[in-house]
There are 2 protein chains.
Amino acid sequence: MLMTENKHTGYYNYTVEARDTDSSDRATYVALCDYIIRVAGDDADIRGFGVRKLNNAHWSWVLSRMCVEFTRRPRQGEHLIVRNWLSDVNRIMATRNMEIRDSENRLLTAAVTQWAMIDLDKRCAVDVTQSFDYSTVIEPDPCPIEKPRRIRTATSDTSFTRKVCYSDLDFNGHVGSVKYLQWMLDMVPVEFITERGLARLDINYHHEAVIGQQLLIGYQQSEDSSTFEITSADDNRNVCKAVLQWK
Amino acid sequence: MLMTENKHTGYYNYTVEARDTDSSDRATYVALCDYIIRVAGDDADIRGFGVRKLNNAHWSWVLSRMCVEFTRRPRQGEHLIVRNWLSDVNRIMATRNMEIRDSENRLLTAAVTQWAMIDLDKRCAVDVTQSFDYSTVIEPDPCPIEKPRRIRTATSDTSFTRKVCYSDLDFNGHVGSVKYLQWMLDMVPVEFITERGLARLDINYHHEAVIGQQLLIGYQQSEDSSTFEITSADDNRNVCKAVLQWK
């Protein structure tokens with residue numbers, strides 16, 4: 001829900017629901033990232049450059065890279081304030097930033113998301129700057145954390161196959177952006193989540209995955225980080241890569 | 001959110017969110033069942049016999065059986081009214097009913113849920129009638145649909161193993177009640193969901209499942225129904241059984 005607006009920055013409030021939490025009574029990383037992506041979409045819609053308007057031209061935003069840093073996971077019932085602003089647009093990418101703060105204005109989570117634009121008919125990239133006059137909505141504040149890193153292909157210690165099923169899909173009919181993160185977190189030792197906690201995650205999205213597709217999830221664990229590479233088992237195409245850094 | 005109250009019946013309103021929907025833009029069966037269970041919990045808390053109060057005595061409600069019938073899946077943004085009432089309590093079980101209606105008062109979904117009570121320390125059943133004076137909250141309206149059926153053990157055509165992982169758990173640290181339904185729906189041909197639709201589901205819960213536990217999911221498909229039996233692979237104990245009837 002849009003709470004207030006200061007120039008080109010949207011402030012949203014959110015109360016952590018029971019369905020967002022794990023048995024520690026705190027919001028999961030998946031719920032926090034899901035909320036970040038939903039706010040990005042809603043805010044773009046409100047300002048007139050969202051998917052709803054783009055779809056008239058058969059264009060759409062595609063999440064290309066995301067990084068998120070976590071200080072504290074909020075508890076069920078906590079009231080959060082989410083600040084969202086568009087800091088930069090070029091032909092390739094729009095950069096949208098978020099900060100999630102608690103009711104005492106302490107920073108809980110900060111994120112940078114980078115979005116490309118595609119033509120849904122031709123399945124090719126569109127010049128982002130042609131879709132809207134972004135000079136009217138840019139807030140030239142710096143990103144709150146270092147921008148998303150480009151993740152290089154790594155060797156994997158372990159790999160799992162997974163067939164995409166109905167519940168993996170979002171309203172677009174593709175595997176939802178946070179679903180990959182959920183799969184990754186299910187592969188790391190659970191104590192990493194419950195005892196250490198995530199310091200930062202970087203995720204690069206390459207190709208969408210659809211129902212029935214067989215995916216290969218490569219996983220490498222070091223002392224402080226978990227690296228993942230998800231490829232399509234059929235044609236070896238990159239689907240998604242991520243690095244999770246633990247506290 | 002509690003909207004209004006008529007004697008012992010709670011009326012809640014809910015707007016279908018994007019995260020509740022699939023690519024048909026309609027709420028998933030899992031989202032509808034999840035909402036039914038959440039309303040049951042919230043309504044019990046409001047009336048003074050919920051988990052929050054019971055936990056003081058180290059008691060808790062446990063969902064034992066549920067049945068749900070579906071007329072229409074609502075679209076994203078639709079405003080729903082959920083009617084919730086407790087129709088019957090005996091030593092073994094409390095029966096809580098729900099009807100979900102759209103803004104024109106058309107019935108979308110009706111459910112009957114039956115809850116047992118356990119002592120969390122001794123892990124044994126508690127006499128439900130001892131926990132609260134239910135005569136003050138019973139609404140003696142009949143259940144909106146035929147009560148949940150007892151599902152008998154059946155032979156399975158197919159079976160899959162599945163290891164319980166972090167994202168399967170709810171805030172209690174057990175596999176969430178609707179998670180089993182999600183697994184089942186992921187096993188049926190997707191056209192059953194997108195083209196035929198669920199008429200009714202019956203689900204019996206037997207034992208809770210915890211992280212790391214290896215489960216065996218038996219599945220049998222007939223023309224009009226899908227039958228599932230989930231057992232623990234280690235000790236063969238029943239975890240959950242369900243019958244999904246298709247339109």
# chains A, B, ... in the order shown; residues from 1 in each chain; ligands from 1
>>> interface_residues(of="chain A", to="chain B", cutoff="7 Å", atoms="only C-alpha atoms", output="ChimeraX atom specification")
/A:21-23,25,165-167,169-173,182,186,190
>>> residues_around(residues="range 85-101 of chain A", least_positions_apart="4", cutoff="6 Å", atoms="only C-alpha atoms", output="PDB file with C-alpha atoms, in the first residue's frame")
ATOM      1  CA  THR A   9      10.457   8.172  -3.922  1.00  0.00           C
ATOM      2  CA  LEU A  80       7.711  -2.092   7.953  1.00  0.00           C
ATOM      3  CA  ILE A  81       8.312   0.919   5.782  1.00  0.00           C
ATOM      4  CA  ASN A 105      13.626   3.599  11.246  1.00  0.00           C
ATOM      5  CA  ARG A 106      16.359   0.974  11.563  1.00  0.00           C
ATOM      6  CA  LEU A 107      17.477  -0.488   8.245  1.00  0.00           C
ATOM      7  CA  LEU A 108      16.527  -4.185   7.969  1.00  0.00           C
ATOM      8  CA  THR A 109      17.080  -4.886   4.293  1.00  0.00           C
ATOM      9  CA  ALA A 110      18.465  -2.994   1.284  1.00  0.00           C
ATOM     10  CA  ALA A 111      18.183  -4.075  -2.325  1.00  0.00           C
ATOM     11  CA  VAL A 112      19.186  -3.079  -5.847  1.00  0.00           C
ATOM     12  CA  THR A 113      17.175  -4.556  -8.713  1.00  0.00           C
ATOM     13  CA  GLN A 114      18.039  -4.151 -12.396  1.00  0.00           C
ATOM     14  CA  TRP A 115      15.361  -4.606 -15.014  1.00  0.00           C
ATOM     15  CA  ALA A 116      15.622  -5.094 -18.768  1.00  0.00           C
ATOM     16  CA  ASP A 127      15.584   0.075 -25.704  1.00  0.00           C
ATOM     17  CA  VAL A 128      14.354   0.940 -22.210  1.00  0.00           C
ATOM     18  CA  THR A 129      14.632   4.708 -22.767  1.00  0.00           C
ATOM     19  CA  ILE A 138      14.288   9.515 -11.547  1.00  0.00           C
ATOM     20  CA  GLU A 139      15.443  10.145  -7.994  1.00  0.00           C
ATOM     21  CA  PRO A 140      19.200  10.597  -8.296  1.00  0.00           C
TER      22      PRO A 140
END
>>> residues_around(residues="Gly50 in chain A", least_positions_apart="2", cutoff="12 Å", atoms="only C-alpha atoms", output="count of residues only")
27
>>> atom_distance(atom1="CA of Ser232 in chain B", atom2="CA of Thr161 in chain B")
9.5 Å
>>> closest_residue(among="A:Val51, A:Val178, A:Val137, A:Cys240", to="Ile36 in chain A", atoms="only C-alpha atoms")
A:Val178
